[in-house]
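For reference, structure-v4.cif is printed below; it contains mmCIF, C-alpha atoms, pLDDT in the B column; chains and numbers go by the auth columns.
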data_final
loop_
_atom_site.group_PDB
_atom_site.id
_atom_site.type_symbol
_atom_site.label_atom_id
_atom_site.label_comp_id
_atom_site.label_asym_id
_atom_site.label_seq_id
_atom_site.Cartn_x
_atom_site.Cartn_y
_atom_site.Cartn_z
_atom_site.B_iso_or_equiv
_atom_site.auth_seq_id
_atom_site.auth_asym_id
ATOM 1 C CA MET A 1 3.194 -47.329 -10.238 52.00 27 A
ATOM 2 C CA LYS A 2 3.839 -45.986 -6.726 51.00 28 A
ATOM 3 C CA LYS A 3 6.604 -43.793 -8.138 52.00 29 A
ATOM 4 C CA ILE A 4 4.144 -41.638 -10.118 53.00 30 A
ATOM 5 C CA PRO A 5 2.342 -39.972 -7.133 49.00 31 A
ATOM 6 C CA ALA A 6 5.698 -39.219 -5.512 49.00 32 A
ATOM 7 C CA ILE A 7 7.073 -37.640 -8.704 47.00 33 A
ATOM 8 C CA ILE A 8 3.869 -35.587 -9.151 43.00 34 A
ATOM 9 C CA THR A 9 4.156 -34.328 -5.557 44.00 35 A
ATOM 10 C CA VAL A 10 7.731 -33.210 -6.138 39.00 36 A
ATOM 11 C CA ILE A 11 6.751 -31.458 -9.367 41.00 37 A
ATOM 12 C CA LEU A 12 3.964 -29.581 -7.551 40.00 38 A
ATOM 13 C CA LEU A 13 6.411 -28.518 -4.841 42.00 39 A
ATOM 14 C CA VAL A 14 8.856 -27.255 -7.473 39.00 40 A
ATOM 15 C CA PHE A 15 6.046 -25.308 -9.166 39.00 41 A
ATOM 16 C CA ALA A 16 5.013 -23.769 -5.849 41.00 42 A
ATOM 17 C CA MET A 17 8.561 -22.505 -5.291 41.00 43 A
ATOM 18 C CA THR A 18 8.447 -20.649 -8.620 39.00 44 A
ATOM 19 C CA VAL A 19 5.441 -18.574 -7.522 39.00 45 A
ATOM 20 C CA PRO A 20 6.679 -16.075 -4.895 40.00 46 A
ATOM 21 C CA VAL A 21 4.081 -14.704 -2.518 43.00 47 A
ATOM 22 C CA PHE A 22 4.413 -11.099 -1.381 47.00 48 A
ATOM 23 C CA ALA A 23 2.464 -9.992 1.654 68.00 49 A
ATOM 24 C CA ALA A 24 2.734 -6.825 3.689 83.00 50 A
ATOM 25 C CA ASP A 25 2.857 -7.016 7.485 95.00 51 A
ATOM 26 C CA VAL A 26 -0.345 -4.959 7.584 97.00 52 A
ATOM 27 C CA PHE A 27 -2.861 -5.062 4.713 98.00 53 A
ATOM 28 C CA ILE A 28 -6.088 -3.069 4.866 98.00 54 A
ATOM 29 C CA ASP A 29 -8.725 -3.504 2.161 98.00 55 A
ATOM 30 C CA TYR A 30 -11.490 -0.933 2.489 98.00 56 A
ATOM 31 C CA ASN A 31 -13.755 -3.062 0.318 96.00 57 A
ATOM 32 C CA THR A 32 -14.268 -5.350 3.329 97.00 58 A
ATOM 33 C CA GLU A 33 -16.045 -4.621 6.606 97.00 59 A
ATOM 34 C CA ASP A 34 -12.951 -5.673 8.576 97.00 60 A
ATOM 35 C CA GLY A 35 -10.806 -3.319 6.506 97.00 61 A
ATOM 36 C CA ARG A 36 -13.135 -0.384 7.058 98.00 62 A
ATOM 37 C CA ALA A 37 -13.176 -1.119 10.791 98.00 63 A
ATOM 38 C CA THR A 38 -9.420 -0.378 11.022 98.00 64 A
ATOM 39 C CA SER A 39 -9.874 3.312 10.219 98.00 65 A
ATOM 40 C CA GLU A 40 -12.041 6.263 11.156 97.00 66 A
ATOM 41 C CA PHE A 41 -12.686 9.675 9.614 97.00 67 A
ATOM 42 C CA PHE A 42 -12.242 13.063 11.243 92.00 68 A
ATOM 43 C CA GLY A 43 -13.716 16.391 10.199 85.00 69 A
ATOM 44 C CA GLU A 44 -16.480 16.611 7.613 84.00 70 A
ATOM 45 C CA GLY A 45 -16.809 15.482 4.018 87.00 71 A
ATOM 46 C CA CYS A 46 -14.583 12.384 4.081 94.00 72 A
ATOM 47 C CA THR A 47 -16.276 8.981 4.223 96.00 73 A
ATOM 48 C CA PHE A 48 -16.327 5.444 2.838 97.00 74 A
ATOM 49 C CA ARG A 49 -18.026 5.286 -0.560 96.00 75 A
ATOM 50 C CA ASN A 50 -18.694 2.542 -3.076 96.00 76 A
ATOM 51 C CA ASP A 51 -20.293 4.735 -5.738 96.00 77 A
ATOM 52 C CA ASP A 52 -17.463 7.097 -6.676 94.00 78 A
ATOM 53 C CA TRP A 53 -16.231 6.995 -10.279 94.00 79 A
ATOM 54 C CA PRO A 54 -14.183 5.146 -11.487 93.00 80 A
ATOM 55 C CA MET A 55 -14.219 2.762 -8.493 92.00 81 A
ATOM 56 C CA GLY A 56 -18.000 2.247 -8.582 93.00 82 A
ATOM 57 C CA GLY A 57 -18.972 -0.897 -6.666 94.00 83 A
ATOM 58 C CA THR A 58 -15.733 -0.921 -4.642 95.00 84 A
ATOM 59 C CA TYR A 59 -15.503 0.723 -1.230 97.00 85 A
ATOM 60 C CA VAL A 60 -12.809 3.376 -0.951 98.00 86 A
ATOM 61 C CA ALA A 61 -11.755 5.939 1.626 98.00 87 A
ATOM 62 C CA TYR A 62 -13.084 9.099 -0.019 97.00 88 A
ATOM 63 C CA LEU A 63 -10.844 12.066 0.876 95.00 89 A
ATOM 64 C CA ILE A 64 -11.881 15.639 0.091 90.00 90 A
ATOM 65 C CA ASN A 65 -11.471 18.981 1.854 82.00 91 A
ATOM 66 C CA LYS A 66 -14.487 20.777 3.313 72.00 92 A
ATOM 67 C CA ASN A 67 -15.209 24.142 1.640 61.00 93 A
ATOM 68 C CA ASN A 68 -12.419 23.363 -0.849 57.00 94 A
ATOM 69 C CA GLY A 69 -9.898 24.192 1.887 53.00 95 A
ATOM 70 C CA GLN A 70 -8.948 27.342 -0.013 54.00 96 A
ATOM 71 C CA ASP A 71 -8.348 29.411 3.128 52.00 97 A
ATOM 72 C CA ALA A 72 -7.625 26.517 5.446 53.00 98 A
ATOM 73 C CA THR A 73 -4.815 26.780 7.965 55.00 99 A
ATOM 74 C CA GLU A 74 -3.640 24.568 10.797 53.00 100 A
ATOM 75 C CA GLU A 75 -4.872 27.170 13.275 53.00 101 A
ATOM 76 C CA ASN A 76 -8.501 27.131 12.121 50.00 102 A
ATOM 77 C CA GLY A 77 -8.507 23.361 11.673 51.00 103 A
ATOM 78 C CA GLY A 78 -9.523 23.495 8.017 62.00 104 A
ATOM 79 C CA LEU A 79 -6.950 21.776 5.846 77.00 105 A
ATOM 80 C CA TYR A 80 -5.771 19.491 8.640 82.00 106 A
ATOM 81 C CA ASN A 81 -9.201 18.608 9.956 82.00 107 A
ATOM 82 C CA ASN A 82 -10.665 16.559 7.089 87.00 108 A
ATOM 83 C CA GLY A 83 -9.232 13.105 6.579 93.00 109 A
ATOM 84 C CA ILE A 84 -8.885 9.531 7.771 97.00 110 A
ATOM 85 C CA THR A 85 -6.963 7.914 10.636 98.00 111 A
ATOM 86 C CA VAL A 86 -5.491 4.477 9.906 98.00 112 A
ATOM 87 C CA LYS A 87 -4.901 2.410 13.048 98.00 113 A
ATOM 88 C CA PHE A 88 -2.364 -0.415 13.244 98.00 114 A
ATOM 89 C CA SER A 89 0.081 -2.061 15.658 98.00 115 A
ATOM 90 C CA SER A 90 3.812 -2.678 15.406 98.00 116 A
ATOM 91 C CA ASP A 91 6.017 -4.999 17.471 97.00 117 A
ATOM 92 C CA LYS A 92 9.045 -2.799 16.758 97.00 118 A
ATOM 93 C CA ALA A 93 9.804 0.918 16.588 97.00 119 A
ATOM 94 C CA GLY A 94 11.450 2.347 13.504 97.00 120 A
ATOM 95 C CA PRO A 95 10.870 3.185 9.819 97.00 121 A
ATOM 96 C CA ALA A 96 7.928 1.520 8.075 98.00 122 A
ATOM 97 C CA THR A 97 6.971 1.664 4.401 98.00 123 A
ATOM 98 C CA VAL A 98 3.357 2.546 3.631 98.00 124 A
ATOM 99 C CA THR A 99 1.984 1.750 0.177 98.00 125 A
ATOM 100 C CA LEU A 100 -1.429 3.057 -0.843 98.00 126 A
ATOM 101 C CA SER A 101 -3.460 1.845 -3.815 98.00 127 A
ATOM 102 C CA LEU A 102 -5.486 4.865 -4.826 97.00 128 A
ATOM 103 C CA VAL A 103 -7.300 6.752 -7.553 97.00 129 A
ATOM 104 C CA CYS A 104 -7.528 10.477 -8.317 96.00 130 A
ATOM 105 C CA PRO A 105 -10.835 10.672 -10.257 96.00 131 A
ATOM 106 C CA ASP A 106 -10.541 14.356 -11.227 94.00 132 A
ATOM 107 C CA HIS A 107 -7.255 13.656 -12.995 94.00 133 A
ATOM 108 C CA SER A 108 -9.327 12.689 -16.049 93.00 134 A
ATOM 109 C CA ASN A 109 -10.475 16.328 -16.254 91.00 135 A
ATOM 110 C CA GLY A 110 -6.950 17.740 -16.124 91.00 136 A
ATOM 111 C CA ALA A 111 -6.494 18.008 -12.348 90.00 137 A
ATOM 112 C CA SER A 112 -2.829 17.936 -11.323 90.00 138 A
ATOM 113 C CA GLY A 113 -0.494 18.921 -8.517 91.00 139 A
ATOM 114 C CA TYR A 114 -1.945 16.358 -6.129 93.00 140 A
ATOM 115 C CA ALA A 115 -0.430 15.915 -2.687 91.00 141 A
ATOM 116 C CA LEU A 116 -1.225 13.759 0.309 94.00 142 A
ATOM 117 C CA LEU A 117 -0.638 15.160 3.789 92.00 143 A
ATOM 118 C CA THR A 118 0.563 12.518 6.266 96.00 144 A
ATOM 119 C CA SER A 119 1.037 12.577 10.028 96.00 145 A
ATOM 120 C CA ILE A 120 2.028 9.686 12.290 98.00 146 A
ATOM 121 C CA ASN A 121 1.072 9.684 15.976 98.00 147 A
ATOM 122 C CA GLY A 122 0.467 13.430 16.160 95.00 148 A
ATOM 123 C CA SER A 123 3.595 14.537 14.308 95.00 149 A
ATOM 124 C CA ASP A 124 3.665 17.597 12.057 91.00 150 A
ATOM 125 C CA TYR A 125 2.085 16.968 8.676 90.00 151 A
ATOM 126 C CA THR A 126 4.344 16.181 5.718 91.00 152 A
ATOM 127 C CA SER A 127 3.219 16.943 2.153 90.00 153 A
ATOM 128 C CA ASN A 128 3.823 14.003 -0.194 93.00 154 A
ATOM 129 C CA ALA A 129 3.587 14.921 -3.897 93.00 155 A
ATOM 130 C CA LEU A 130 1.555 12.419 -5.914 95.00 156 A
ATOM 131 C CA ASP A 131 3.506 12.932 -9.119 92.00 157 A
ATOM 132 C CA ASN A 132 2.153 9.684 -10.573 93.00 158 A
ATOM 133 C CA ALA A 133 -1.483 10.630 -9.879 94.00 159 A
ATOM 134 C CA ASP A 134 -3.931 8.980 -12.256 96.00 160 A
ATOM 135 C CA HIS A 135 -7.658 8.358 -12.643 96.00 161 A
ATOM 136 C CA LYS A 136 -6.739 4.676 -12.820 96.00 162 A
ATOM 137 C CA LEU A 137 -5.664 2.641 -9.805 96.00 163 A
ATOM 138 C CA PHE A 138 -1.994 3.289 -8.959 97.00 164 A
ATOM 139 C CA ASP A 139 0.357 2.749 -6.013 98.00 165 A
ATOM 140 C CA TYR A 140 2.166 5.361 -3.950 97.00 166 A
ATOM 141 C CA SER A 141 4.713 4.638 -1.195 97.00 167 A
ATOM 142 C CA PHE A 142 6.227 6.702 1.595 97.00 168 A
ATOM 143 C CA THR A 143 8.043 6.063 4.875 97.00 169 A
ATOM 144 C CA VAL A 144 6.964 6.815 8.432 97.00 170 A
ATOM 145 C CA ASN A 145 8.684 6.234 11.752 97.00 171 A
ATOM 146 C CA VAL A 146 6.306 4.068 13.769 98.00 172 A
ATOM 147 C CA ALA A 147 6.230 3.497 17.521 97.00 173 A
ATOM 148 C CA LYS A 148 6.202 0.144 19.270 97.00 174 A
ATOM 149 C CA GLY A 149 2.572 -0.728 19.979 97.00 175 A
ATOM 150 C CA GLU A 150 -0.435 1.177 18.639 98.00 176 A
ATOM 151 C CA ASN A 151 -0.002 3.706 15.827 98.00 177 A
ATOM 152 C CA LYS A 152 -2.302 6.241 14.180 98.00 178 A
ATOM 153 C CA LEU A 153 -1.573 7.469 10.661 98.00 179 A
ATOM 154 C CA ASN A 154 -3.543 10.500 9.425 97.00 180 A
ATOM 155 C CA LEU A 155 -4.096 10.995 5.686 97.00 181 A
ATOM 156 C CA VAL A 156 -5.435 14.297 4.304 93.00 182 A
ATOM 157 C CA GLN A 157 -6.183 15.317 0.717 92.00 183 A
ATOM 158 C CA SER A 158 -4.152 18.290 -0.467 88.00 184 A
ATOM 159 C CA VAL A 159 -2.652 20.032 -3.468 85.00 185 A
ATOM 160 C CA ARG A 160 0.966 21.014 -2.811 78.00 186 A
ATOM 161 C CA GLY A 161 0.150 22.026 0.771 69.00 187 A
ATOM 162 C CA LYS A 162 -3.159 23.720 -0.042 75.00 188 A
ATOM 163 C CA GLY A 163 -6.699 22.422 -0.068 73.00 189 A
ATOM 164 C CA ASN A 164 -9.299 22.050 -2.818 80.00 190 A
ATOM 165 C CA ASN A 165 -12.121 19.729 -3.750 81.00 191 A
ATOM 166 C CA TRP A 166 -10.211 17.242 -5.911 89.00 192 A
ATOM 167 C CA ARG A 167 -10.958 13.727 -4.733 93.00 193 A
ATOM 168 C CA ILE A 168 -8.474 11.088 -3.591 96.00 194 A
ATOM 169 C CA ASP A 169 -9.938 7.579 -3.261 97.00 195 A
ATOM 170 C CA ILE A 170 -7.859 5.061 -1.285 98.00 196 A
ATOM 171 C CA ALA A 171 -8.683 1.388 -1.938 98.00 197 A
ATOM 172 C CA THR A 172 -6.019 -0.436 0.100 98.00 198 A
ATOM 173 C CA VAL A 173 -3.256 0.313 2.612 98.00 199 A
ATOM 174 C CA SER A 174 -0.170 -1.919 2.902 98.00 200 A
ATOM 175 C CA ILE A 175 2.424 -1.396 5.642 98.00 201 A
ATOM 176 C CA ASP A 176 5.827 -3.106 5.882 98.00 202 A
ATOM 177 C CA LEU A 177 6.756 -2.788 9.547 98.00 203 A
ATOM 178 C CA PRO A 178 10.317 -2.502 10.927 97.00 204 A
ATOM 179 C CA THR A 179 12.072 -5.817 11.561 92.00 205 A
ATOM 180 C CA GLU A 180 14.092 -4.540 14.520 91.00 206 A
ATOM 181 C CA ASP A 181 13.834 -1.701 16.995 90.00 207 A
ATOM 182 C CA THR A 182 15.352 1.525 15.648 85.00 208 A
ATOM 183 C CA PRO A 183 14.974 4.364 18.173 73.00 209 A
ATOM 184 C CA VAL A 184 13.966 7.644 16.549 66.00 210 A
ATOM 185 C CA SER A 185 13.990 11.166 17.949 55.00 211 A
ATOM 186 C CA ASP A 186 10.562 11.990 16.559 51.00 212 A
ATOM 187 C CA ALA A 187 7.812 10.439 14.433 47.00 213 A
ATOM 188 C CA THR A 188 8.139 12.346 11.187 49.00 214 A
ATOM 189 C CA THR A 189 7.108 11.211 7.742 49.00 215 A
ATOM 190 C CA THR A 190 9.496 11.016 4.836 47.00 216 A
ATOM 191 C CA ALA A 191 8.686 11.282 1.142 45.00 217 A
ATOM 192 C CA PRO A 192 10.085 8.523 -1.111 41.00 218 A
ATOM 193 C CA SER A 193 13.591 8.997 -2.468 34.00 219 A
ATOM 194 C CA THR A 194 12.464 8.435 -6.053 32.00 220 A
ATOM 195 C CA THR A 195 9.381 9.567 -7.943 33.00 221 A
ATOM 196 C CA ALA A 196 7.659 7.514 -10.608 32.00 222 A
ATOM 197 C CA ASP A 197 6.781 8.913 -14.009 32.00 223 A
ATOM 198 C CA PRO A 198 3.133 9.962 -14.432 29.00 224 A
ATOM 199 C CA GLY A 199 0.883 6.989 -15.059 31.00 225 A
ATOM 200 C CA THR A 200 3.314 4.349 -13.798 30.00 226 A
ATOM 201 C CA VAL A 201 2.761 2.064 -10.838 29.00 227 A
ATOM 202 C CA ASN A 202 5.312 1.770 -8.062 33.00 228 A
ATOM 203 C CA PRO A 203 5.877 -1.833 -6.918 31.00 229 A
ATOM 204 C CA PRO A 204 5.252 -2.320 -3.180 32.00 230 A
ATOM 205 C CA THR A 205 8.849 -3.437 -2.719 33.00 231 A
ATOM 206 C CA SER A 206 12.085 -3.292 -4.679 34.00 232 A
ATOM 207 C CA ASP A 207 12.948 -6.799 -3.456 38.00 233 A
ATOM 208 C CA ALA A 208 10.417 -8.439 -5.781 37.00 234 A
ATOM 209 C CA PRO A 209 12.784 -9.107 -8.740 36.00 235 A
ATOM 210 C CA MET A 210 15.455 -10.499 -6.427 33.00 236 A
ATOM 211 C CA ILE A 211 12.997 -12.771 -4.613 33.00 237 A
ATOM 212 C CA ALA A 212 11.572 -13.982 -7.912 37.00 238 A
ATOM 213 C CA ALA A 213 15.062 -14.748 -9.215 37.00 239 A
ATOM 214 C CA VAL A 214 15.988 -16.648 -6.073 32.00 240 A
ATOM 215 C CA SER A 215 12.756 -18.632 -6.274 39.00 241 A
ATOM 216 C CA VAL A 216 13.404 -19.617 -9.875 34.00 242 A
ATOM 217 C CA LEU A 217 17.003 -20.582 -9.141 35.00 243 A
ATOM 218 C CA GLY A 218 15.884 -22.622 -6.142 43.00 244 A
ATOM 219 C CA ALA A 219 13.255 -24.378 -8.224 39.00 245 A
ATOM 220 C CA CYS A 220 15.779 -25.166 -10.979 37.00 246 A
ATOM 221 C CA ALA A 221 18.237 -26.541 -8.447 41.00 247 A
ATOM 222 C CA LEU A 222 15.592 -28.753 -6.820 39.00 248 A
ATOM 223 C CA GLY A 223 14.409 -29.931 -10.232 44.00 249 A
ATOM 224 C CA ALA A 224 17.973 -30.911 -11.147 41.00 250 A
ATOM 225 C CA VAL A 225 18.355 -32.910 -7.933 36.00 251 A
ATOM 226 C CA VAL A 226 15.073 -34.734 -8.495 37.00 252 A
ATOM 227 C CA PHE A 227 15.958 -35.487 -12.115 37.00 253 A
ATOM 228 C CA ALA A 228 19.374 -36.815 -11.124 40.00 254 A
ATOM 229 C CA ALA A 229 17.889 -38.971 -8.377 41.00 255 A
ATOM 230 C CA VAL A 230 15.330 -40.530 -10.736 37.00 256 A
ATOM 231 C CA CYS A 231 17.965 -41.260 -13.383 41.00 257 A
ATOM 232 C CA THR A 232 20.314 -42.832 -10.821 41.00 258 A
ATOM 233 C CA LYS A 233 17.528 -45.062 -9.489 41.00 259 A
ATOM 234 C CA LYS A 234 16.686 -46.217 -13.022 43.00 260 A
ATOM 235 C CA ARG A 235 20.322 -47.103 -13.728 44.00 261 A
ATOM 236 C CA GLY A 236 20.484 -49.033 -10.453 47.00 262 A
ATOM 237 C CA ALA A 237 17.358 -50.980 -11.349 46.00 263 A
ATOM 238 C CA LYS A 238 19.064 -52.462 -14.417 43.00 264 A
#
For this file, produce the structure as structure tokens.
Amino acid sequence: MKKIPAIITVILLVFAMTVPVFAADVFIDYNTEDGRATSEFFGEGCTFRNDDWPMGGTYVAYLINKNNGQDATEENGGLYNNGITVKFSSDKAGPATVTLSLVCPDHSNGASGYALLTSINGSDYTSNALDNADHKLFDYSFTVNVAKGENKLNLVQSVRGKGNNWRIDIATVSIDLPTEDTPVSDATTTAPSTTADPGTVNPPTSDAPMIAAVSVLGACALGAVVFAAVCTKKRGAK
């Protein structure tokens, strides 16, 4: 009878190996007080809200440009002076992948041409086209060159480099930090190399299928070893 608990334990371990866990180095959920404490707004109009459609009841970083940003320029502080600063630390310097889970509510009314302006540690702003913008929750990823130590990432709502009053609601921020120091000449942002079709969701990492496959193979291998060991023991008992 003592064999049964041991066999059950092994089975549970095998099952656990088949369920890969993916976690970013930095994960910020604005629906929590701790998550909201990691960021601060600059300018006017942007804030945390939990009553914006369609994310009612869930806190999001509500990004919108003051006065529609129609005539905003960097010089007068319009377009570049309404947004949120995300603060995080990195043990290494180099490229990091940022994945945002966000919603574009006005997309349901035909709004298009969304863009997100990004700046890391005071660098020039880069316009990232949200070609997969949707009024349902979707993911968008881009790359920034982070510094060792504290980092500040600015996010500003835009439309192809111009401002307007279309909302961008950010629910979570995931950051995969560099694994080794990679010196960079400046801290620019880089748009992703591929663009998803409208309405699709980009996975946080392209390694997911490979990791899942390895996990399944590892579980199968372990299961085979356990099965063989049990059979051998039974034959020996005779």
Of the candidates A:Lys113, A:Arg62, A:Lys92, A:Lys118, which shows the shortest atom-to-atom distance to Ile196 in chain A, using all atoms listed in the file?
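Result for the nearest residue to Ile196 in chain A: A:Arg62.
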Suppose a student applies the PyMOL selection byres ((chain A and resi 180-186) around 6) to this structure; what residues should they get, written as number ranges by chain?
A: 89-90, 109-111, 139-145, 179, 187-189
If I take CA of Pro209 in chain A and CA of Gly148 in chain A, how far is one from the other in Å, to one decimal?
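CA of Pro209 in chain A sits 17.2 Å away from CA of Gly148 in chain A.
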Which residues fall under the PyMOL selection byres ((chain A and resi 72) around 8) in this file, as JSON, numbers by chain?
{"A": [67, 68, 69, 70, 71, 73, 74, 87, 88, 89, 90, 91, 108, 109, 110]}
Kindly indicate which residue among A:Ala173, A:Leu203, A:Leu128, A:Ala197 lies nearest to Asn76 in chain A, using only C-alpha atoms for the distances.
A:Ala197
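Minimum atom-to-atom distances from A:Ile194, A:Gly136, A:Phe53, A:Ala119 to Leu156 in chain A were compared using all atoms listed in the file, and the lowest value belongs to A:Ile194.
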Would you please work out which residue, of A:Ser115, A:Thr84, A:Thr208, A:Asn171, is nearest to Asp55 in chain A when using only C-alpha atoms?
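Checking each of A:Ser115, A:Thr84, A:Thr208, A:Asn171 against Asp55 in chain A, counting only C-alpha atoms, the winner is A:Thr84.
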Using the chain letters and residue numbers of this document, give as an mmCIF file with C-alpha atoms, in the frame of the given file the residues selected by the PyMOL selection byres ((chain A and resi 129) around 10).
data_model
loop_
_atom_site.group_PDB
_atom_site.id
_atom_site.type_symbol
_atom_site.label_atom_id
_atom_site.label_comp_id
_atom_site.auth_asym_id
_atom_site.auth_seq_id
_atom_site.Cartn_x
_atom_site.Cartn_y
_atom_site.Cartn_z
ATOM 1 C CA TRP A 79 -16.231 6.995 -10.279
ATOM 2 C CA PRO A 80 -14.183 5.146 -11.487
ATOM 3 C CA MET A 81 -14.219 2.762 -8.493
ATOM 4 C CA VAL A 86 -12.809 3.376 -0.951
ATOM 5 C CA TYR A 88 -13.084 9.099 -0.019
ATOM 6 C CA LEU A 126 -1.429 3.057 -0.843
ATOM 7 C CA SER A 127 -3.460 1.845 -3.815
ATOM 8 C CA LEU A 128 -5.486 4.865 -4.826
ATOM 9 C CA CYS A 130 -7.528 10.477 -8.317
ATOM 10 C CA PRO A 131 -10.835 10.672 -10.257
ATOM 11 C CA ASP A 132 -10.541 14.356 -11.227
ATOM 12 C CA HIS A 133 -7.255 13.656 -12.995
ATOM 13 C CA ALA A 159 -1.483 10.630 -9.879
ATOM 14 C CA ASP A 160 -3.931 8.980 -12.256
ATOM 15 C CA HIS A 161 -7.658 8.358 -12.643
ATOM 16 C CA LYS A 162 -6.739 4.676 -12.820
ATOM 17 C CA LEU A 163 -5.664 2.641 -9.805
ATOM 18 C CA PHE A 164 -1.994 3.289 -8.959
ATOM 19 C CA ASP A 165 0.357 2.749 -6.013
ATOM 20 C CA ARG A 193 -10.958 13.727 -4.733
ATOM 21 C CA ILE A 194 -8.474 11.088 -3.591
ATOM 22 C CA ASP A 195 -9.938 7.579 -3.261
ATOM 23 C CA ILE A 196 -7.859 5.061 -1.285
ATOM 24 C CA ALA A 197 -8.683 1.388 -1.938
#
Pairwise distance, CA of Asn154 in chain A with CA of Thr169 in chain A, equals 10.3 Å
CA of Val170 in chain A to CA of Ala122 in chain A, distance in Å rounded to a single decimal:
5.4 Å
